[in-house]
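Asker: The structure under discussion is supplied below as structure tokens; questions concerning it will follow.
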Amino acid sequence: MSELPNELRYLETHEWVRNEGDGIATIGITDHAQDALGDVVFVELPEVGRVLAAGEESAVVESVKAASDIYAPVSGEVIAINEALEDAPETINNSPYGDGWFYKVRMSDPAELDELLDADGYRDVAEA
Amino acid sequence: MGLRTPLHHRHLALGAKLVDFGGWDMPLHYGSQIDEHHRVRRHAGVFDVSHMRVVDVAGPDARDFLRRLLANDVDRLKTPGKALYSVMLNPAGGVIDDLIVYLLGDSRYRLVVNCGTADKDLAWMAAEARGFAVDIRSRADLAILAVQGPEAIPLVEAVLPGAAALIDGLKPFCAASAGDVFIARTGYTGEDGVELIVPGAAVVSLWDALLDAGVSPVGLGARDTLRLEAGMNLYGNDMDENTSPLEANLGWTIAWEPAERAFIGREALEAQRAAGVPHKLVGLVMSGRGVLRAHQAVTCESAPGSGEITSGTFSPTLGHAIALARVPAAFSGTALVDIRGKAAPVTLVKPCFVRRGQAVVQPAD
């Protein structure tokens, strides 16, 4: 099984979210997801300032294999996007939990984090 | 579990991501499809394509049989070793398969057909062979390696020193045998290189020697992006049994002369040619962000109707998306592709994007 940090929360649709404290969360896709997609060639990120509802389509990843919608794990306003991905989308393959992050939000309801999968729960989904 | 080539354990040891290709477990990539693509364009790569099927056809009527079976004319093969690309048609002019046929010697031919169609092809050939004195032999005992790229030939020569002079003398689309290695200067990448057909028992040591010499293993993912950049059709994507070769940019492979040669599908193609061919296969390039993919719809402001992308991808060499699309014959200039509900502008081009490592994009006729 691919790498799955214990401190993150996960969606069944292969996004991860990291609670940065102070109501801020960072979102990306899992190692399992980048492996299944293959080389990422483009990523379309939300605009800073956009208000996302949990479950909403927030980004698109285009790999050599397919286009995939990325869903918002938590509700909130986008406060930063990873602009470096535009010129180096392969960072998502090389560092899915680090430099390959997608965007950050100011959460409107941090309690939503508690409803997401933990690493063990996601592992069960991803391995199914 | 699918069928496995003799190199299965080599693929596993190299960390290949294996996927199903027509019932076979084949390597999609060994880490990065894009890196492997560049290795072939810039250096040399080797593909295990042992899932493809070799079919040997021999006997007193072999020539007459193949002149009836294939839309291209094996009479163009004047000397042993010469090769020909052809489609095999049904009576309605649809493409049963595309293949390469080599003249081995007097009344002896070798065909290499696609993996997913091999059983269907063999059944069709057996049925059509009635009345011909011909022996059709499926050679599932043979393995095939494609070694492609600007450095491919010197590296193969280094691995097969006894055959170096012979390989040096091979013209494109020609083949020769050196011991039990059949060497053809053919490929599916738009680069120079060879395809090596060897007994299954000999392929592992040949693979190991090529890797030791510096040839990179390349998966079938990069094979698809390389062939698409080269503008080469993929059976099942760009043509099938319901597609005429005249609508698949394969008119050049039809040997219309001599007019009395009654190949299967000829009448249907002549009728279509006389009536006007309603569609054409063109190339598309998209300079904007995003990726063109098969089955996306194509429309054109200057002509009615709509077409469809048959193969699309991100081109690693060009750095943007390219595609083959079957569109109404009147389409020209620019068009729009429906990408997930957004209309993306594209330019129609000749269906060939990269040759010998260089961009060759030209406006469509």
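By order of appearance in the structure tokens: chains A, B, ..., then residues from 1 within every chain, and ligands from 1 in the order shown.
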Please, which residues of chain B lie no more than 12 Å from chain A when the count uses only C-alpha atoms, and can they be set out as a ChimeraX atom specification?

Answerer: /B:16-19,28-37,221-222,224-225,288-294,311-316,319-322,339-340

Asker: If you run DSSP on the backbone here, which positions in range 27-180 of chain B get strand (DSSP E or B)? Please write them as a ChimeraX atom specification.

Answerer: /B:27-29,45-48,53-58,70,82-89,95-105,108-113,135-138,142-148,174-178

Asker: So that I can see what lies close to Leu99 in chain B, please list as a PyMOL selection string the residues with an atom at most 8 Å from it, counting only C-alpha atoms and leaving out residues fewer than 4 positions away in the same chain.

Answerer: chain B and resi 85-88+111-114

Asker: Please dump the current selection as a short mmCIF file (atom, residue, chain, number, x, y, z; two decimals), in the first residue's frame; keep N, CA and C atoms.

Answerer:
```cif
data_model
loop_
_atom_site.label_atom_id
_atom_site.label_comp_id
_atom_site.auth_asym_id
_atom_site.auth_seq_id
_atom_site.Cartn_x
_atom_site.Cartn_y
_atom_site.Cartn_z
N TYR B 85 2.77 -2.57 -45.06
CA TYR B 85 1.68 -2.33 -44.11
C TYR B 85 0.36 -2.49 -44.87
N SER B 86 -0.59 -3.17 -44.27
CA SER B 86 -1.87 -3.36 -44.96
C SER B 86 -3.01 -3.44 -43.97
N VAL B 87 -4.21 -3.14 -44.46
CA VAL B 87 -5.41 -3.48 -43.70
C VAL B 87 -6.00 -4.76 -44.28
N MET B 88 -6.72 -5.48 -43.44
CA MET B 88 -7.49 -6.67 -43.83
C MET B 88 -8.95 -6.28 -43.65
N LEU B 111 3.16 -12.49 -41.09
CA LEU B 111 2.29 -11.38 -40.72
C LEU B 111 2.44 -11.12 -39.23
N VAL B 112 2.37 -9.85 -38.82
CA VAL B 112 2.29 -9.51 -37.40
C VAL B 112 1.00 -8.74 -37.20
N VAL B 113 0.10 -9.32 -36.39
CA VAL B 113 -1.24 -8.75 -36.20
C VAL B 113 -1.40 -8.29 -34.76
N ASN B 114 -2.47 -7.53 -34.53
CA ASN B 114 -2.72 -7.00 -33.20
C ASN B 114 -3.13 -8.10 -32.23
#
```

Asker: Per DSSP on the backbone, filter range 162-304 of chain B down to the residues in alpha helix (DSSP H) and report them as a PyMOL selection string.

Answerer: chain B and resi 164-168+203-212+220-229+266-275

Asker: If you count only C-alpha atoms, which residues fall within 12 Å of Ile79 in chain A, apart from same-chain ones fewer than 4 positions away, as a list in words?

Answerer: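 Residues near the query, excluding close chain neighbours: Gly23, Ile24, Ala25, Thr26, Ile27, Leu45, Pro46, Glu47, Val48, Gly49, Arg50, Val51, Leu52, Phe102, Tyr103, Lys104, Val105, Arg106 and Met107 of chain A.
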
Asker: Given the choices A:Ala33, A:Leu11, A:Ala72, A:Leu4, which gets closest to Ile92 in chain A if the distance is worked out from only C-alpha atoms?

Answerer: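 Among the listed residues, the smallest separation from Ile92 in chain A belongs to A:Ala33.
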
Asker: Determine, counting only C-alpha atoms, which protein, DNA and RNA residues have an atom within 6 Å of an atom of Gly59 in chain B; residues of the same chain fewer than 5 positions away are not included. Present the result as JSON, numbers by chain.

Answerer: {"B": [107, 133, 134, 135]}

Asker: List as a PyMOL selection string the protein and nucleic acid residues near Tyr71 in chain A, meaning an atom at most 8 Å away when only C-alpha atoms are counted, but skip any in the same chain fewer than 2 places from it.

Answerer: chain A and resi 13+15+54-59+69+73

Asker: Just C-alpha atoms for this one: save the residues we selected as a CSV table (one decimal), in the first residue's frame.

Answerer:
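Result file selection.csv:
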```
chain,number,residue,atom,x,y,z
A,13,THR,CA,-12.6,10.1,-3.7
A,15,GLU,CA,-8.4,13.8,-1.5
A,54,ALA,CA,-17.8,20.5,1.2
A,55,GLY,CA,-18.3,17.9,-1.6
A,56,GLU,CA,-18.2,20.6,-4.3
A,57,GLU,CA,-15.9,20.2,-7.4
A,58,SER,CA,-13.0,22.4,-6.6
A,59,ALA,CA,-10.2,21.4,-9.0
A,69,ASP,CA,-12.6,16.1,-10.5
A,73,PRO,CA,-13.3,17.9,1.7
```

Asker: Give me, please, the distance in Å between CA of Glu128 in chain B and CA of Thr253 in chain B, quoted to one decimal.

Answerer: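 Between CA of Glu128 in chain B and CA of Thr253 in chain B the gap is 20.9 Å.
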
Asker: Expressed in Å to a single decimal, how great is the separation between CA of Asp61 in chain B and CA of Ile183 in chain B?

Answerer: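 Rounded to one decimal, the two atoms are 25.7 Å apart.
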
Asker: So which one's closest to Ile96 in chain B, B:Val159, B:Ala123, B:Val49, B:Val57? Using only C-alpha atoms, please.

Answerer: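 With only C-alpha atoms as the atom set, the closest residue is B:Ala123.
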
Asker: Looking at only C-alpha atoms, which of B:Val147, B:Ala163, B:Leu89, B:Val95 is the one that sits closest to Gly219 in chain B?

Answerer: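 The shortest atom-to-atom distance to Gly219 in chain B comes from B:Val147.
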
Asker: Rank nothing, just name the residue among B:Ala271, B:Ala164, B:Ala343, B:Cys352 nearest to Asn233 in chain B, using only C-alpha atoms.

Answerer: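 Answer, going by the shortest atom-to-atom distance: B:Cys352.
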
Asker: Which neighbours of Leu8 in chain A fall inside 10 Å, counting only C-alpha atoms, when residues of the same chain fewer than 2 positions from it are skipped, and could you give them as a ChimeraX atom specification?

Answerer: /A:4-6,10,16-19,26-27,97,113,116-119

Asker: Would you put the residues from that selection into a file with C-alpha atoms, as a compact mmCIF listing (two decimals), in the first residue's frame?

Answerer:
```txt
# COMPACT_ATOMS: atom_id res chain seq x y z
CA LEU A 4 -0.76 7.34 4.13
CA PRO A 5 0.16 9.88 6.81
CA ASN A 6 -1.78 9.32 10.02
CA TYR A 10 -9.30 11.65 3.71
CA TRP A 16 -6.51 14.50 1.71
CA VAL A 17 -6.89 17.45 4.05
CA ARG A 18 -4.43 18.67 6.68
CA ASN A 19 -5.58 20.77 9.63
CA THR A 26 -4.54 22.32 3.12
CA ILE A 27 -5.95 20.01 0.42
CA TYR A 97 1.56 15.19 0.58
CA LEU A 113 -12.98 17.38 9.65
CA LEU A 116 -13.86 12.50 7.23
CA LEU A 117 -11.99 9.19 7.01
CA ASP A 118 -8.85 8.63 9.01
CA ALA A 119 -5.87 6.83 7.47
```

Asker: Could you build a table of the residues in range 134-180 of chain B lying no more than 12 Å from range 75-80 of chain B, giving for each the nearest pair of atoms and their separation in Å rounded to one decimal place, using only C-alpha atoms, ordered by chain and ascending residue number, as CSV?

Answerer:
```
residue,atom,partner,partner_atom,distance
B:Leu170,CA,B:Pro80,CA,12.0
B:Phe173,CA,B:Leu77,CA,10.7
B:Cys174,CA,B:Pro80,CA,8.7
B:Ala175,CA,B:Pro80,CA,8.2
B:Ala176,CA,B:Pro80,CA,8.1
B:Ser177,CA,B:Pro80,CA,10.5
```

Asker: Go ahead and save the picked residues with C-alpha atoms, as a CSV table (one decimal), in the first residue's frame.

Answerer:
```csv
chain,number,residue,atom,x,y,z
B,170,LEU,CA,18.7,-2.9,-43.5
B,173,PHE,CA,10.6,-1.5,-43.8
B,174,CYS,CA,13.0,-4.3,-44.5
B,175,ALA,CA,13.9,-7.4,-42.4
B,176,ALA,CA,16.5,-10.1,-42.3
B,177,SER,CA,17.3,-13.1,-40.1
```

Asker: For CA of Val194 in chain B and CA of Val156 in chain B, quote the distance in Å rounded to one decimal.

Answerer: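 Computing it gives 8.3 Å between the two atoms.
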